[in-house]
Amino acid sequence: MFPVRGVPSTPSVAPRADIPPTVVVVGGRTVHLHSLGGPDADHLLKRIAADVGAAINAVVAFWGEDWSRDISVVAAGTREQFLAAAGGPASQWEDIAAVTLVERVDPVSRQVAGQRIMFAPEASHMHEGALRIVLRHELFHYAARADTALDAPRWLTEGVADFVARPPVADVPPGAVPSPLSLPSDADLDTPGEQRSVAYDRAWLFARFVADVYQPDKLRELYVAACGVGHADVPTALRSVLGIDADEVLKRWREWLRR
Ligand SMILES: [Zn+2]
């Protein structure tokens, strides 16, 4: 999910059956674009259709080709439609622009059913660069869903999704680096607003650090080791993939942040 500025497994509302999806074939994949109604939703899907090929390329460059050839994208016409699809308490979603939903997932057999990227109506007011980030972020979740354990550390799934999605700008966002420095945590992601935004920044910076110092392939390996089926805990995954313990990782992350 992506704040207006995840991957919960929830009950769903099917897209309105009376509006047939627009289908775009791009990047070797078929993209089904469903509007739940309204001119804003329709316009949002046109913008997404224009950018989804580049988003697919960005995900493939990091994650590889082995993921769903069919991609479903749904644009909610109203906040109520988005909340009904996302499920759970409305407060949890108040600053969320999009979420990748799934009806059933069996990571052991890599079977995923009913997966779709759901955009909130607020996304239609995002400028081009912000919408591009949200689309790539959610598309990474979509691509990685079959290889992501249900109990994966969410902060790492979000950090890697942001690594795929966000341009590698140099500046460290204010407040993103706590003192003393600690690894990001799932709890930080759960409070809407500023705290959630900072938590995403922190997870993104961690993923950027790993990709920058150890190469993106190692970040992918870390994702599989720490978030895949039968995953290790994060410190164990860090040791097996990067060859150093969590304290040493923090030390090197701190040095990287100072640069
Ligand atoms: Zn996310």
# chains A, B, ... in the order shown; residues from 1 in each chain; ligands from 1
$ residues_near_ligand --ligand "ligand 1" --cutoff "10 Å" --atoms "only C-alpha atoms and all ligand atoms" --output "ChimeraX atom specification"
/A:1-3,6-8,96,98-100,134,136-142,154-162,200
$ select_by_dssp --residues "range 59-245 of chain A" --states "alpha helix (DSSP H)" --output "ChimeraX atom specification"
/A:59-63,79-86,128-144,154-165,194-214,216-227,234-242
$ residues_around --residues "range 43-50 of chain A" --least-positions-apart "6" --cutoff "9 Å" --atoms "only C-alpha atoms" --output "PyMOL selection string"
chain A and resi 22-24+31+33-35+73-75+119+121+123-125+128+131-132+135
$ residues_around --residues "Pro107 in chain A" --least-positions-apart "2" --cutoff "9 Å" --atoms "only C-alpha atoms" --output "PyMOL selection string"
chain A and resi 105+109-112+145-150+228-229
$ select_by_dssp --residues "range 97-247 of chain A" --states "strand (DSSP E)" --output "PyMOL selection string"
chain A and resi 97-101+104-106+111-113+116-119
$ write_last_selection --atoms "N, CA, C and O atoms" --output "mmCIF file, in the first residue's frame"
data_model
loop_
_atom_site.group_PDB
_atom_site.id
_atom_site.type_symbol
_atom_site.label_atom_id
_atom_site.label_comp_id
_atom_site.auth_asym_id
_atom_site.auth_seq_id
_atom_site.Cartn_x
_atom_site.Cartn_y
_atom_site.Cartn_z
ATOM 1 N N ALA A 97 -3.306 6.019 -0.841
ATOM 2 C CA ALA A 97 -3.689 6.330 -2.222
ATOM 3 C C ALA A 97 -4.010 5.093 -3.035
ATOM 4 O O ALA A 97 -4.778 5.155 -3.997
ATOM 5 N N ALA A 98 -3.398 3.958 -2.657
ATOM 6 C CA ALA A 98 -3.612 2.734 -3.423
ATOM 7 C C ALA A 98 -3.194 1.551 -2.566
ATOM 8 O O ALA A 98 -2.391 1.687 -1.649
ATOM 9 N N VAL A 99 -3.761 0.398 -2.880
ATOM 10 C CA VAL A 99 -3.413 -0.810 -2.145
ATOM 11 C C VAL A 99 -3.540 -1.993 -3.104
ATOM 12 O O VAL A 99 -4.362 -1.958 -4.019
ATOM 13 N N THR A 100 -2.697 -2.979 -2.919
ATOM 14 C CA THR A 100 -2.808 -4.181 -3.735
ATOM 15 C C THR A 100 -3.546 -5.236 -2.923
ATOM 16 O O THR A 100 -3.118 -5.595 -1.827
ATOM 17 N N LEU A 101 -4.679 -5.674 -3.440
ATOM 18 C CA LEU A 101 -5.561 -6.592 -2.723
ATOM 19 C C LEU A 101 -5.505 -7.971 -3.366
ATOM 20 O O LEU A 101 -5.191 -8.107 -4.550
ATOM 21 N N ARG A 104 -7.238 -14.663 -2.531
ATOM 22 C CA ARG A 104 -6.608 -15.861 -1.976
ATOM 23 C C ARG A 104 -5.159 -15.887 -2.421
ATOM 24 O O ARG A 104 -4.848 -15.552 -3.567
ATOM 25 N N VAL A 105 -4.297 -16.304 -1.498
ATOM 26 C CA VAL A 105 -2.903 -16.462 -1.884
ATOM 27 C C VAL A 105 -2.351 -17.680 -1.171
ATOM 28 O O VAL A 105 -2.597 -17.888 0.015
ATOM 29 N N ASP A 106 -1.676 -18.513 -1.938
ATOM 30 C CA ASP A 106 -0.995 -19.673 -1.363
ATOM 31 C C ASP A 106 0.470 -19.587 -1.793
ATOM 32 O O ASP A 106 0.844 -20.079 -2.865
ATOM 33 N N GLN A 111 0.248 -19.727 -5.860
ATOM 34 C CA GLN A 111 -1.045 -19.456 -6.480
ATOM 35 C C GLN A 111 -1.646 -18.187 -5.865
ATOM 36 O O GLN A 111 -1.734 -18.068 -4.647
ATOM 37 N N VAL A 112 -2.049 -17.268 -6.731
ATOM 38 C CA VAL A 112 -2.659 -16.015 -6.283
ATOM 39 C C VAL A 112 -3.958 -15.841 -7.052
ATOM 40 O O VAL A 112 -3.983 -15.989 -8.267
ATOM 41 N N ALA A 113 -5.053 -15.566 -6.339
ATOM 42 C CA ALA A 113 -6.344 -15.376 -7.005
ATOM 43 C C ALA A 113 -6.925 -14.022 -6.631
ATOM 44 O O ALA A 113 -6.817 -13.576 -5.490
ATOM 45 N N ARG A 116 -5.585 -7.484 -7.381
ATOM 46 C CA ARG A 116 -5.734 -6.259 -8.151
ATOM 47 C C ARG A 116 -5.169 -5.072 -7.380
ATOM 48 O O ARG A 116 -5.128 -5.085 -6.157
ATOM 49 N N ILE A 117 -4.740 -4.096 -8.149
ATOM 50 C CA ILE A 117 -4.259 -2.842 -7.572
ATOM 51 C C ILE A 117 -5.443 -1.887 -7.530
ATOM 52 O O ILE A 117 -6.044 -1.594 -8.557
ATOM 53 N N MET A 118 -5.778 -1.448 -6.318
ATOM 54 C CA MET A 118 -6.965 -0.602 -6.130
ATOM 55 C C MET A 118 -6.512 0.824 -5.836
ATOM 56 O O MET A 118 -5.779 1.057 -4.867
ATOM 57 N N PHE A 119 -6.962 1.751 -6.661
ATOM 58 C CA PHE A 119 -6.624 3.163 -6.454
ATOM 59 C C PHE A 119 -7.774 3.884 -5.767
ATOM 60 O O PHE A 119 -8.943 3.701 -6.121
#
$ atom_distance --atom1 "CA of Gly28 in chain A" --atom2 "CA of Ile56 in chain A"
9.2 Å
$ atom_distance --atom1 "CA of Val164 in chain A" --atom2 "CA of Phe62 in chain A"
7.0 Å
$ atom_distance --atom1 "CA of Leu183 in chain A" --atom2 "CA of Trp93 in chain A"
24.4 Å
$ closest_residue --among "A:Leu36, A:Ala58, A:Ala152, A:Ala90" --to "Ala76 in chain A" --atoms "only C-alpha atoms"
A:Leu36
$ residues_around --residues "Arg254 in chain A" --least-positions-apart "6" --cutoff "12 Å" --atoms "only C-alpha atoms" --output "list in words"
Val177, Pro178, Ser179, Pro180, Leu181, Ser182, Leu183, Leu205, Phe206, Phe209, Val210, Asp247 and Glu248 of chain A
$ residues_around --residues "Asp233 in chain A" --least-positions-apart "3" --cutoff "12 Å" --atoms "only C-alpha atoms" --output "list of chain:residue names"
A:Asp151, A:Ala152, A:Pro153, A:Leu156, A:Leu222, A:Tyr223, A:Val224, A:Ala225, A:Ala226, A:Cys227, A:Gly228, A:Val229, A:Gly230, A:Thr236, A:Ala237, A:Leu238, A:Arg239, A:Ser240, A:Ala246
$ write_last_selection --atoms "N, CA, C and O atoms" --output "compact mmCIF listing (two decimals), in the first residue's frame"
# COMPACT_ATOMS: atom_id res chain seq x y z
N ASP A 151 3.37 -13.63 6.52
CA ASP A 151 3.90 -12.99 7.73
C ASP A 151 5.25 -12.30 7.46
O ASP A 151 6.07 -12.16 8.36
N ALA A 152 5.46 -11.90 6.23
CA ALA A 152 6.71 -11.18 5.90
C ALA A 152 6.78 -9.87 6.67
O ALA A 152 5.74 -9.27 6.96
N PRO A 153 7.99 -9.42 7.04
CA PRO A 153 8.10 -8.10 7.66
C PRO A 153 7.63 -7.03 6.68
O PRO A 153 8.23 -6.84 5.62
N LEU A 156 9.95 -4.20 5.30
CA LEU A 156 10.90 -4.52 4.23
C LEU A 156 10.18 -4.63 2.88
O LEU A 156 10.71 -4.19 1.85
N LEU A 222 17.85 -10.40 -0.34
CA LEU A 222 17.44 -10.13 1.03
C LEU A 222 15.92 -10.22 1.15
O LEU A 222 15.39 -10.77 2.12
N TYR A 223 15.21 -9.69 0.15
CA TYR A 223 13.74 -9.76 0.16
C TYR A 223 13.30 -11.22 0.20
O TYR A 223 12.45 -11.60 1.00
N VAL A 224 13.88 -12.04 -0.65
CA VAL A 224 13.49 -13.46 -0.70
C VAL A 224 13.82 -14.15 0.62
O VAL A 224 13.02 -14.92 1.16
N ALA A 225 14.99 -13.84 1.19
CA ALA A 225 15.42 -14.50 2.43
C ALA A 225 14.58 -14.06 3.63
O ALA A 225 14.27 -14.86 4.51
N ALA A 226 14.19 -12.78 3.65
CA ALA A 226 13.50 -12.24 4.83
C ALA A 226 11.98 -12.18 4.66
O ALA A 226 11.26 -12.10 5.66
N CYS A 227 11.49 -12.21 3.42
CA CYS A 227 10.05 -12.05 3.17
C CYS A 227 9.44 -13.24 2.42
O CYS A 227 8.22 -13.33 2.30
N GLY A 228 10.26 -14.13 1.88
CA GLY A 228 9.74 -15.24 1.09
C GLY A 228 9.16 -16.33 1.97
O GLY A 228 9.20 -16.27 3.20
N VAL A 229 8.61 -17.34 1.32
CA VAL A 229 8.03 -18.47 2.04
C VAL A 229 9.11 -19.15 2.87
O VAL A 229 10.22 -19.39 2.38
N GLY A 230 8.81 -19.44 4.14
CA GLY A 230 9.79 -20.06 5.02
C GLY A 230 10.94 -19.15 5.35
O GLY A 230 12.06 -19.59 5.63
N THR A 236 18.84 -12.79 10.81
CA THR A 236 19.40 -14.00 10.19
C THR A 236 19.53 -13.82 8.67
O THR A 236 20.54 -14.20 8.07
N ALA A 237 18.51 -13.20 8.08
CA ALA A 237 18.56 -12.97 6.62
C ALA A 237 19.70 -12.00 6.27
O ALA A 237 20.41 -12.20 5.28
N LEU A 238 19.88 -10.98 7.10
CA LEU A 238 20.98 -10.04 6.84
C LEU A 238 22.32 -10.77 6.88
O LEU A 238 23.19 -10.55 6.04
N ARG A 239 22.46 -11.64 7.88
CA ARG A 239 23.73 -12.35 8.01
C ARG A 239 23.95 -13.28 6.81
O ARG A 239 25.05 -13.35 6.26
N SER A 240 22.90 -13.98 6.39
CA SER A 240 23.11 -14.95 5.31
C SER A 240 23.31 -14.25 3.96
O SER A 240 24.06 -14.74 3.12
N ALA A 246 23.40 -7.76 12.38
CA ALA A 246 22.54 -6.58 12.33
C ALA A 246 23.24 -5.33 12.88
O ALA A 246 23.04 -4.22 12.36
$ residues_around --residues "Asp217 in chain A" --least-positions-apart "2" --cutoff "12 Å" --atoms "only C-alpha atoms" --output "number ranges by chain"
A: 61-64, 160, 207-208, 210-215, 219-224, 241-242
$ closest_residue --among "A:Ala199, A:Val26, A:Pro167, A:Ser185" --to "Ile71 in chain A" --atoms "only C-alpha atoms"
A:Val26
$ closest_residue --among "A:Arg252, A:Asp186, A:Arg202, A:Ala143" --to "Trp67 in chain A" --atoms "only C-alpha atoms"
A:Ala143
